[in-house]
$ cat protein.cif   # mmCIF, C-alpha atoms
data_protein
loop_
_atom_site.label_atom_id
_atom_site.label_comp_id
_atom_site.auth_asym_id
_atom_site.auth_seq_id
_atom_site.Cartn_x
_atom_site.Cartn_y
_atom_site.Cartn_z
CA MET A 10 10.56 -13.56 31.24
CA ALA A 11 7.96 -13.24 33.95
CA PRO A 12 7.20 -9.64 34.73
CA THR A 13 8.38 -8.45 38.10
CA ALA A 14 6.61 -5.15 38.05
CA SER A 15 7.04 -4.42 41.73
CA SER A 16 10.82 -4.50 41.63
CA ALA A 17 11.01 -2.80 38.23
CA THR A 18 9.04 0.24 39.30
CA LYS A 19 11.20 0.98 42.32
CA SER A 20 13.85 3.58 41.82
CA PRO A 21 17.19 2.05 40.93
CA LYS A 22 19.39 1.20 43.87
CA LYS A 23 22.79 2.81 43.91
CA ALA A 24 24.63 -0.49 44.11
CA THR A 25 23.67 -3.36 41.88
CA THR A 26 22.83 -6.61 43.54
CA PRO A 27 25.27 -9.41 42.73
CA ALA A 28 22.79 -11.02 40.37
CA ARG A 29 22.40 -7.91 38.19
CA VAL A 30 24.69 -6.36 35.60
CA LEU A 31 24.46 -3.20 33.53
CA TYR A 32 23.59 -3.74 29.89
CA LEU A 33 24.86 -0.76 27.88
CA TYR A 34 22.78 0.36 24.88
CA ALA A 35 24.42 3.59 23.94
CA ILE A 36 26.35 6.65 25.05
CA SER A 37 24.81 10.02 24.33
CA GLU A 38 25.56 13.66 24.80
CA VAL A 39 24.18 15.17 27.99
CA PRO A 40 20.65 16.45 27.35
CA LYS A 41 20.19 20.19 27.73
CA ARG A 42 17.12 19.68 29.86
CA ALA A 43 16.05 16.62 31.85
CA ALA A 44 17.04 13.27 30.36
CA PRO A 45 14.26 11.96 28.12
CA VAL A 46 12.19 9.05 29.37
CA ILE A 47 12.78 6.06 27.09
CA SER A 48 9.57 4.15 26.54
CA ALA A 49 10.96 1.34 24.38
CA GLU A 50 11.09 -2.07 25.99
CA ALA A 51 14.38 -2.96 27.71
CA ILE A 52 16.68 -5.68 26.39
CA ASP A 53 15.14 -8.23 28.79
CA GLY A 54 11.60 -7.01 28.20
CA ASP A 55 11.27 -5.97 31.79
CA ALA A 56 13.87 -3.60 33.26
CA LEU A 57 13.96 0.18 33.03
CA VAL A 58 16.14 2.01 30.55
CA GLU A 59 18.11 4.40 32.72
CA PRO A 60 20.51 7.26 32.07
CA VAL A 61 23.77 7.10 34.05
CA ARG A 62 26.01 10.14 33.94
CA CYS A 63 29.66 9.32 33.14
CA GLU A 64 32.17 12.09 32.48
CA ASN A 65 30.61 14.45 29.92
CA TYR A 66 28.28 11.79 28.60
CA VAL A 67 25.19 9.85 29.50
CA CYS A 68 25.34 6.06 29.39
CA TRP A 69 22.00 4.39 28.75
CA VAL A 70 21.71 1.11 30.61
CA SER A 71 19.35 -1.51 31.99
CA ARG A 72 19.95 -3.58 35.10
CA VAL A 73 19.51 -7.12 33.86
CA ALA A 74 20.06 -10.66 35.10
CA LYS A 75 23.76 -11.52 35.19
CA ASP A 76 22.99 -15.12 34.50
CA GLU A 77 21.30 -14.37 31.17
CA PHE A 78 23.28 -11.38 29.92
CA ALA A 79 26.77 -12.13 31.16
CA ASP A 80 27.30 -15.74 32.14
CA HIS A 81 25.30 -17.32 29.33
CA ILE A 82 24.94 -14.66 26.64
CA GLU A 83 26.98 -16.57 24.07
CA ASP A 84 24.69 -19.56 24.45
CA ARG A 85 21.65 -17.33 24.21
CA MET A 86 22.92 -15.76 21.01
CA GLN A 87 22.86 -19.14 19.33
CA ASP A 88 19.13 -19.14 19.92
CA LEU A 89 17.69 -17.22 17.00
CA GLU A 90 14.45 -16.35 18.67
CA TRP A 91 16.32 -14.90 21.60
CA LEU A 92 18.70 -13.05 19.27
CA ALA A 93 15.81 -11.67 17.24
CA SER A 94 13.98 -10.36 20.30
CA ALA A 95 17.10 -8.96 21.93
CA GLY A 96 18.34 -7.43 18.66
CA LEU A 97 15.01 -5.76 18.07
CA ARG A 98 14.81 -4.44 21.61
CA HIS A 99 18.37 -3.15 21.45
CA GLN A 100 17.54 -1.35 18.19
CA ARG A 101 14.33 0.19 19.53
CA VAL A 102 16.02 1.58 22.61
CA VAL A 103 19.02 2.92 20.68
CA ALA A 104 16.79 4.42 17.98
CA GLU A 105 14.65 6.20 20.55
CA ILE A 106 17.68 7.68 22.31
CA SER A 107 19.23 8.57 18.98
CA SER A 108 16.04 10.36 17.86
CA LYS A 109 16.50 12.74 20.79
CA LEU A 110 20.24 13.07 21.38
CA VAL A 111 23.52 12.65 19.51
CA THR A 112 24.25 9.01 20.27
CA LEU A 113 26.94 6.38 19.90
CA PRO A 114 25.32 2.95 19.86
CA ALA A 115 27.19 0.43 21.98
CA ARG A 116 28.18 -2.91 20.62
CA PHE A 117 25.40 -5.43 21.09
CA GLY A 118 26.02 -7.44 24.25
CA THR A 119 28.24 -5.01 26.18
CA VAL A 120 27.76 -5.62 29.88
CA PHE A 121 29.29 -4.05 32.99
CA LEU A 122 29.41 -5.35 36.52
CA SER A 123 28.79 -1.99 38.16
CA GLU A 124 28.37 1.72 37.55
CA ASP A 125 31.93 2.20 38.77
CA SER A 126 33.39 -0.11 36.17
CA LEU A 127 31.26 1.55 33.46
CA ALA A 128 32.44 5.00 34.52
CA ALA A 129 36.07 3.89 34.64
CA HIS A 130 35.94 2.49 31.11
CA VAL A 131 34.18 5.52 29.67
CA LYS A 132 36.80 7.74 31.26
CA GLU A 133 39.55 5.66 29.71
CA ARG A 134 38.07 6.15 26.24
CA LYS A 135 37.09 9.76 26.63
CA ARG A 136 39.18 11.12 23.79
CA ALA A 137 38.16 8.50 21.27
CA LEU A 138 34.53 9.01 22.22
CA ARG A 139 34.80 12.73 21.57
CA GLY A 140 36.06 12.08 18.06
CA ALA A 141 33.24 9.63 17.38
CA PHE A 142 30.64 12.14 18.59
CA GLU A 143 32.00 14.78 16.25
CA ARG A 144 31.81 12.36 13.34
CA VAL A 145 28.22 11.26 13.83
CA ALA A 146 26.66 14.55 14.94
CA GLY A 147 23.90 15.59 12.57
CA ALA A 148 24.21 12.41 10.53
CA ASP A 149 22.31 9.15 10.18
CA GLU A 150 23.20 5.72 8.94
CA TRP A 151 21.40 4.48 5.81
CA GLY A 152 21.43 0.92 4.58
CA VAL A 153 21.46 0.35 0.82
CA LYS A 154 20.99 -2.97 -0.94
CA LEU A 155 21.06 -3.76 -4.64
CA PHE A 156 19.22 -6.76 -5.97
CA ALA A 157 19.13 -8.33 -9.38
CA THR A 158 15.48 -8.43 -10.36
CA ALA A 159 13.70 -11.27 -12.12
CA ALA A 160 14.25 -9.68 -15.50
CA ALA A 161 17.97 -9.41 -14.91
CA LYS A 162 18.20 -13.01 -13.86
CA ALA A 163 16.54 -14.12 -17.03
CA PRO A 164 19.06 -13.39 -19.78
CA ALA A 165 19.32 -17.13 -20.13
CA THR A 166 15.77 -17.48 -21.32
CA ASN A 167 16.51 -20.83 -22.82
CA ALA A 168 15.39 -23.66 -20.59
CA PRO A 169 18.12 -25.42 -18.63
CA ALA A 170 19.35 -28.44 -20.49
CA SER A 171 19.43 -30.58 -17.40
CA GLY A 172 18.40 -30.69 -13.78
CA ALA A 173 22.00 -30.10 -12.81
CA GLU A 174 22.15 -26.95 -14.91
CA TYR A 175 18.91 -25.73 -13.37
CA LEU A 176 20.38 -26.19 -9.89
CA LYS A 177 23.58 -24.50 -10.94
CA ARG A 178 21.69 -21.46 -12.23
CA LYS A 179 19.64 -21.38 -9.10
CA ALA A 180 22.74 -21.53 -6.93
CA GLU A 181 24.24 -18.63 -8.88
CA LEU A 182 21.19 -16.54 -8.13
CA LEU A 183 21.57 -17.24 -4.44
CA GLN A 184 25.21 -16.24 -4.31
CA PRO A 185 25.90 -12.56 -3.98
CA ARG A 186 28.70 -11.93 -6.43
CA SER A 187 31.21 -10.04 -4.46
CA GLY A 188 34.45 -9.13 -6.13
CA LYS A 189 33.23 -8.67 -9.68
CA LEU A 190 30.90 -5.78 -9.57
CA ASP A 191 29.43 -4.31 -12.67
CA THR A 192 30.89 -0.92 -13.69
CA GLU A 193 27.47 0.69 -13.29
CA VAL A 194 27.16 -0.68 -9.77
CA ARG A 195 30.59 0.60 -8.85
CA GLU A 196 29.66 3.98 -10.27
CA PHE A 197 26.47 4.00 -8.19
CA VAL A 198 28.34 3.14 -4.99
CA ALA A 199 30.91 5.85 -5.73
CA ARG A 200 28.11 8.35 -6.33
CA VAL A 201 26.50 7.63 -2.95
CA LYS A 202 29.90 7.69 -1.25
CA GLU A 203 30.42 11.23 -2.50
CA LEU A 204 27.40 12.30 -0.45
CA ALA A 205 28.48 10.39 2.65
CA VAL A 206 30.72 11.17 5.58
CA ALA A 207 31.76 7.52 5.57
CA ALA A 208 30.79 4.17 4.08
CA SER A 209 30.87 0.69 5.53
CA ALA A 210 30.40 -2.82 4.19
CA GLY A 211 27.01 -4.39 4.85
CA GLY A 212 26.43 -6.75 7.75
CA LYS A 213 26.61 -10.50 7.53
CA ALA A 214 23.01 -11.15 8.44
CA SER A 215 21.60 -10.40 5.00
CA ALA A 216 24.68 -11.32 2.96
CA GLY A 217 23.00 -14.48 1.69
CA GLN A 218 19.76 -12.90 0.50
CA PRO A 219 18.75 -14.20 -2.91
CA GLY A 220 19.68 -11.87 -5.76
CA LEU A 221 21.74 -9.53 -3.58
CA ILE A 222 24.43 -7.87 -5.67
CA TRP A 223 25.81 -5.37 -3.19
CA HIS A 224 24.96 -3.97 0.23
CA GLY A 225 26.49 -1.43 2.52
CA SER A 226 25.85 1.41 4.93
CA PHE A 227 26.46 5.10 4.56
CA LEU A 228 26.77 7.82 7.14
CA ILE A 229 24.87 10.75 5.65
CA ARG A 230 24.51 14.25 7.03
CA ARG A 231 20.85 15.10 7.44
CA LYS A 232 21.16 18.05 5.07
CA ASN A 233 22.16 15.55 2.34
CA ARG A 234 19.18 13.28 2.81
CA LYS A 235 17.31 14.68 -0.18
CA LYS A 236 20.39 14.34 -2.36
CA LEU A 237 20.68 10.70 -1.35
CA GLU A 238 17.09 10.15 -2.30
CA MET A 239 17.68 11.80 -5.67
CA VAL A 240 20.64 9.55 -6.46
CA LEU A 241 18.66 6.48 -5.44
CA ARG A 242 15.72 7.50 -7.58
CA LYS A 243 17.91 8.24 -10.57
CA TYR A 244 19.49 4.79 -10.48
CA ALA A 245 16.23 3.05 -9.65
CA LYS A 246 14.73 4.57 -12.78
CA LYS A 247 17.75 3.72 -14.88
CA TRP A 248 17.82 0.13 -13.65
CA LYS A 249 14.08 -0.31 -13.58
CA ASP A 250 14.07 -3.69 -15.31
CA ILE A 251 17.33 -5.15 -14.11
CA ARG A 252 18.01 -4.10 -10.53
CA ARG A 253 16.09 -3.07 -7.45
CA ILE A 254 17.39 -0.74 -4.77
CA ASP A 255 16.28 -1.17 -1.16
CA CYS A 256 17.13 1.62 1.21
CA SER A 257 16.50 1.54 4.96
CA GLY A 258 16.97 4.22 7.55
CA PRO A 259 17.59 6.44 9.24
CA TRP A 260 19.51 4.14 11.58
CA PRO A 261 21.58 5.14 14.59
CA PRO A 262 25.22 5.17 13.42
CA TYR A 263 25.96 1.54 14.35
CA SER A 264 28.45 0.94 11.60
CA PHE A 265 30.44 4.12 12.11
CA VAL A 266 31.53 4.16 15.70
CA GLY A 267 33.29 0.87 16.38
CA GLN A 268 36.22 0.72 14.02
CA HIS A 269 37.12 4.34 14.58
CA VAL A 270 36.89 4.30 18.33
CA ASP A 271 38.50 1.00 19.11
CA MET B 3 6.41 7.38 -2.42
CA SER B 4 8.61 4.88 -4.20
CA THR B 5 9.09 3.89 -7.77
CA GLU B 6 8.86 0.28 -8.72
CA ALA B 7 12.57 -0.32 -8.40
CA LEU B 8 13.19 1.64 -5.23
CA THR B 9 11.96 1.09 -1.69
CA ILE B 10 12.81 3.36 1.17
CA GLU B 11 11.87 1.80 4.48
CA SER B 12 11.53 3.83 7.62
CA ASP B 13 12.90 2.24 10.77
CA SER B 14 9.49 1.15 11.95
CA ASP B 15 9.02 -1.38 9.18
CA VAL B 16 12.41 -2.74 8.29
CA SER B 17 13.01 -6.46 8.29
CA LEU B 18 14.69 -8.44 11.01
CA LEU B 19 17.62 -9.08 8.70
CA ASP B 20 18.19 -5.36 8.38
CA ILE B 21 17.97 -4.92 12.12
CA LEU B 22 20.51 -7.66 12.78
CA ASP B 23 22.71 -6.33 9.99
CA HIS B 24 22.97 -2.96 11.62
CA VAL B 25 22.74 -3.89 15.30
CA LEU B 26 25.30 -6.68 15.13
CA ASN B 27 27.54 -4.97 12.64
CA SER B 28 29.41 -2.80 15.07
CA GLY B 29 28.74 -0.25 17.75
CA VAL B 30 31.16 1.50 20.02
CA VAL B 31 33.49 -0.82 21.88
CA ILE B 32 33.98 0.06 25.49
CA HIS B 33 36.05 -2.51 27.28
CA GLY B 34 33.81 -3.48 30.14
CA SER B 35 34.44 -5.75 33.05
CA LEU B 36 32.76 -8.21 30.79
CA VAL B 37 32.74 -7.55 27.10
CA ILE B 38 31.00 -10.32 25.33
CA SER B 39 32.67 -11.50 22.18
CA LEU B 40 30.56 -11.63 19.08
CA ALA B 41 32.71 -14.38 17.64
CA GLY B 42 30.14 -17.03 18.44
CA VAL B 43 27.56 -15.24 16.35
CA ASP B 44 29.16 -16.35 13.12
CA LEU B 45 27.56 -19.70 13.70
CA VAL B 46 24.20 -18.07 13.79
CA TYR B 47 24.57 -16.44 10.39
CA VAL B 48 24.87 -19.77 8.66
CA GLY B 49 21.33 -20.71 9.47
CA LEU B 50 19.92 -17.25 9.60
CA ASN B 51 18.35 -17.06 6.18
CA VAL B 52 16.92 -20.50 6.45
CA ILE B 53 15.22 -19.88 9.74
CA LEU B 54 14.34 -16.31 8.97
CA THR B 55 10.70 -16.92 8.22
CA SER B 56 10.06 -18.54 11.55
CA VAL B 57 11.90 -15.76 13.32
CA GLU B 58 9.85 -13.14 11.51
CA THR B 59 6.76 -14.93 12.75
CA ALA B 60 8.15 -14.97 16.27
CA LEU B 61 8.78 -11.26 15.95
CA ARG B 62 5.27 -10.55 14.83
CA ASN B 63 4.02 -12.32 17.94
CA LEU B 64 6.44 -10.33 20.02
CA ASN B 65 5.20 -7.11 18.47
CA ALA B 66 1.51 -7.80 18.73
CA PRO B 67 0.97 -6.93 22.42
CA ARG B 68 3.12 -3.83 22.05
CA GLN B 69 0.88 -2.43 19.36
CA LEU B 70 -2.19 -3.19 21.40
CA SER B 71 -0.77 -1.43 24.40
CA GLY B 72 -0.25 1.62 22.23
CA ARG B 73 3.50 1.76 22.59
CA GLN B 74 5.25 3.50 19.78
CA THR B 75 8.25 2.34 17.91
CA SER B 76 10.97 4.89 17.65
CA ARG B 77 10.33 7.70 15.25
CA ALA B 78 12.46 8.63 12.35
CA LEU B 79 14.61 11.68 12.60
CA ARG B 80 13.63 14.53 10.38
#
$ encode --input "protein.cif" --output "structure tokens"
Amino acid sequence: MAPTASSATKSPKKATTPARVLYLYAISEVPKRAAPVISAEAIDGDALVEPVRCENYVCWVSRVAKDEFADHIEDRMQDLEWLASAGLRHQRVVAEISSKLVTLPARFGTVFLSEDSLAAHVKERKRALRGAFERVAGADEWGVKLFATAAAKAPATNAPASGAEYLKRKAELLQPRSGKLDTEVREFVARVKELAVAASAGGKASAGQPGLIWHGSFLIRRKNRKKLEMVLRKYAKKWKDIRRIDCSGPWPPYSFVGQHVD
Amino acid sequence: MSTEALTIESDSDVSLLDILDHVLNSGVVIHGSLVISLAGVDLVYVGLNVILTSVETALRNLNAPRQLSGRQTSRALR
């Protein structure tokens, strides 16, 4: 990723060179004033993050190497370091746009050959996009995870009778127990859902975290943020010795645009 | 800010796992000239937790020059 500052600082050419493709981060509403300058690093660590007007929306893109982001992206995604950097950069760009404008994050790895093809595809999905914008306006995604804490894992205070039993217990701790949720946990999830516009199952990346009981995302209107915090605090207090609640956010509404729009 | 059993992380200090959870979870699907399938990523998840520590280290290295150059991570919405 050698910096090519001279080419990056030039204004974007109207036609992409054959070796470049458009990496799409997000689609936003049209800003009332000038489009904000996005200072977060581009997906390749080098390009500009540019607004491209399509229909009644603005598509946020970077002109990146076709070789890396189109021809070989599946190979690159097997490389965790690459995935980590690209995922983080994608998130930073989308979060910055989303902090300024109502935004639909694009699916990670969406690439277009030209502005024309981008515009054509946005036009095709115009109606679905409008619905998605209405859904996410004024709302943020919040991630919630429930963990069994050390105290909860210890009801079997008696020492394991054998090495095999020790390993078995340890394996149980590492397996999130989906399917047989505690009544209290279900009640908690239902309580948060009441505050949310929508709920979504948690991503696969952290599904194997030790002690994880449940995780998911909620789309919460900003006016309900305090209420969310109150519910979380109530349950955190109640579960003090047995469960821990981790909450992250606000996130751009990643988990609430795909399934509805597609 | 948080009780013992509750943590609320702002988006500037969430873990890589959380980022991948949200970023790779979905997003709007616009059928491009090239839409890259995420199917291959399933393979990555298998090893993700195992290799996580080294990736977190890689990320810290990645972040270091950004902080020095005074760039800001995105700010939370109010």
$ resolve_selection --input "protein.cif" --expression "the PyMOL selection byres ((chain A and resi 41) around 12)" --output "CSV table (one decimal) with C-alpha atoms, in the frame of the given file"
chain,number,residue,atom,x,y,z
A,37,SER,CA,24.8,10.0,24.3
A,38,GLU,CA,25.6,13.7,24.8
A,39,VAL,CA,24.2,15.2,28.0
A,40,PRO,CA,20.6,16.4,27.4
A,42,ARG,CA,17.1,19.7,29.9
A,43,ALA,CA,16.0,16.6,31.8
A,44,ALA,CA,17.0,13.3,30.4
A,45,PRO,CA,14.3,12.0,28.1
A,66,TYR,CA,28.3,11.8,28.6
A,67,VAL,CA,25.2,9.8,29.5
A,109,LYS,CA,16.5,12.7,20.8
A,110,LEU,CA,20.2,13.1,21.4
A,111,VAL,CA,23.5,12.6,19.5
$ atom_distance --input "protein.cif" --atom1 "atom CA of A:Gly152" --atom2 "atom CA of A:Leu237"
11.5 Å
$ atom_distance --input "protein.cif" --atom1 "atom CA of A:Gly96" --atom2 "atom CA of A:Val266"
17.8 Å
$ resolve_selection --input "protein.cif" --expression "the PyMOL selection byres ((chain A and resi 122) around 6)" --output "list in words"
Val30, Phe121 and Ser123 of chain A
$ closest_residue --input "protein.cif" --among "A:Ala128, A:Ile47, A:Ala208, A:Val240" --to "A:Val102" --atoms "all atoms listed in the file"
A:Ile47
$ resolve_selection --input "protein.cif" --expression "the PyMOL selection byres ((chain A and resi 72) around 6)" --output "ChimeraX atom specification"
/A:29-31,71,73
$ closest_residue --input "protein.cif" --among "A:Asp125, A:Glu150, A:Asp80, A:Asp255" --to "chain B" --atoms "only C-alpha atoms"
A:Asp255
$ atom_distance --input "protein.cif" --atom1 "atom CA of A:Trp69" --atom2 "atom CA of A:Asp88"
25.3 Å
$ closest_residue --input "protein.cif" --among "A:Gly140, A:Pro219, A:Gly147, A:Pro114" --to "chain B" --atoms "only C-alpha atoms"
A:Pro114
$ residues_near_point --input "protein.cif" --point "(20.4, -1.8, 14.9)" --cutoff "8 Å" --atoms "only C-alpha atoms" --output "PyMOL selection string"
(chain A and resi 96-97+99-101+103-104+260-261+263) or (chain B and resi 20-26)
$ closest_residue --input "protein.cif" --among "A:Ala199, A:Val194, A:Leu138, A:Ala205" --to "chain B" --atoms "all atoms listed in the file"
A:Leu138
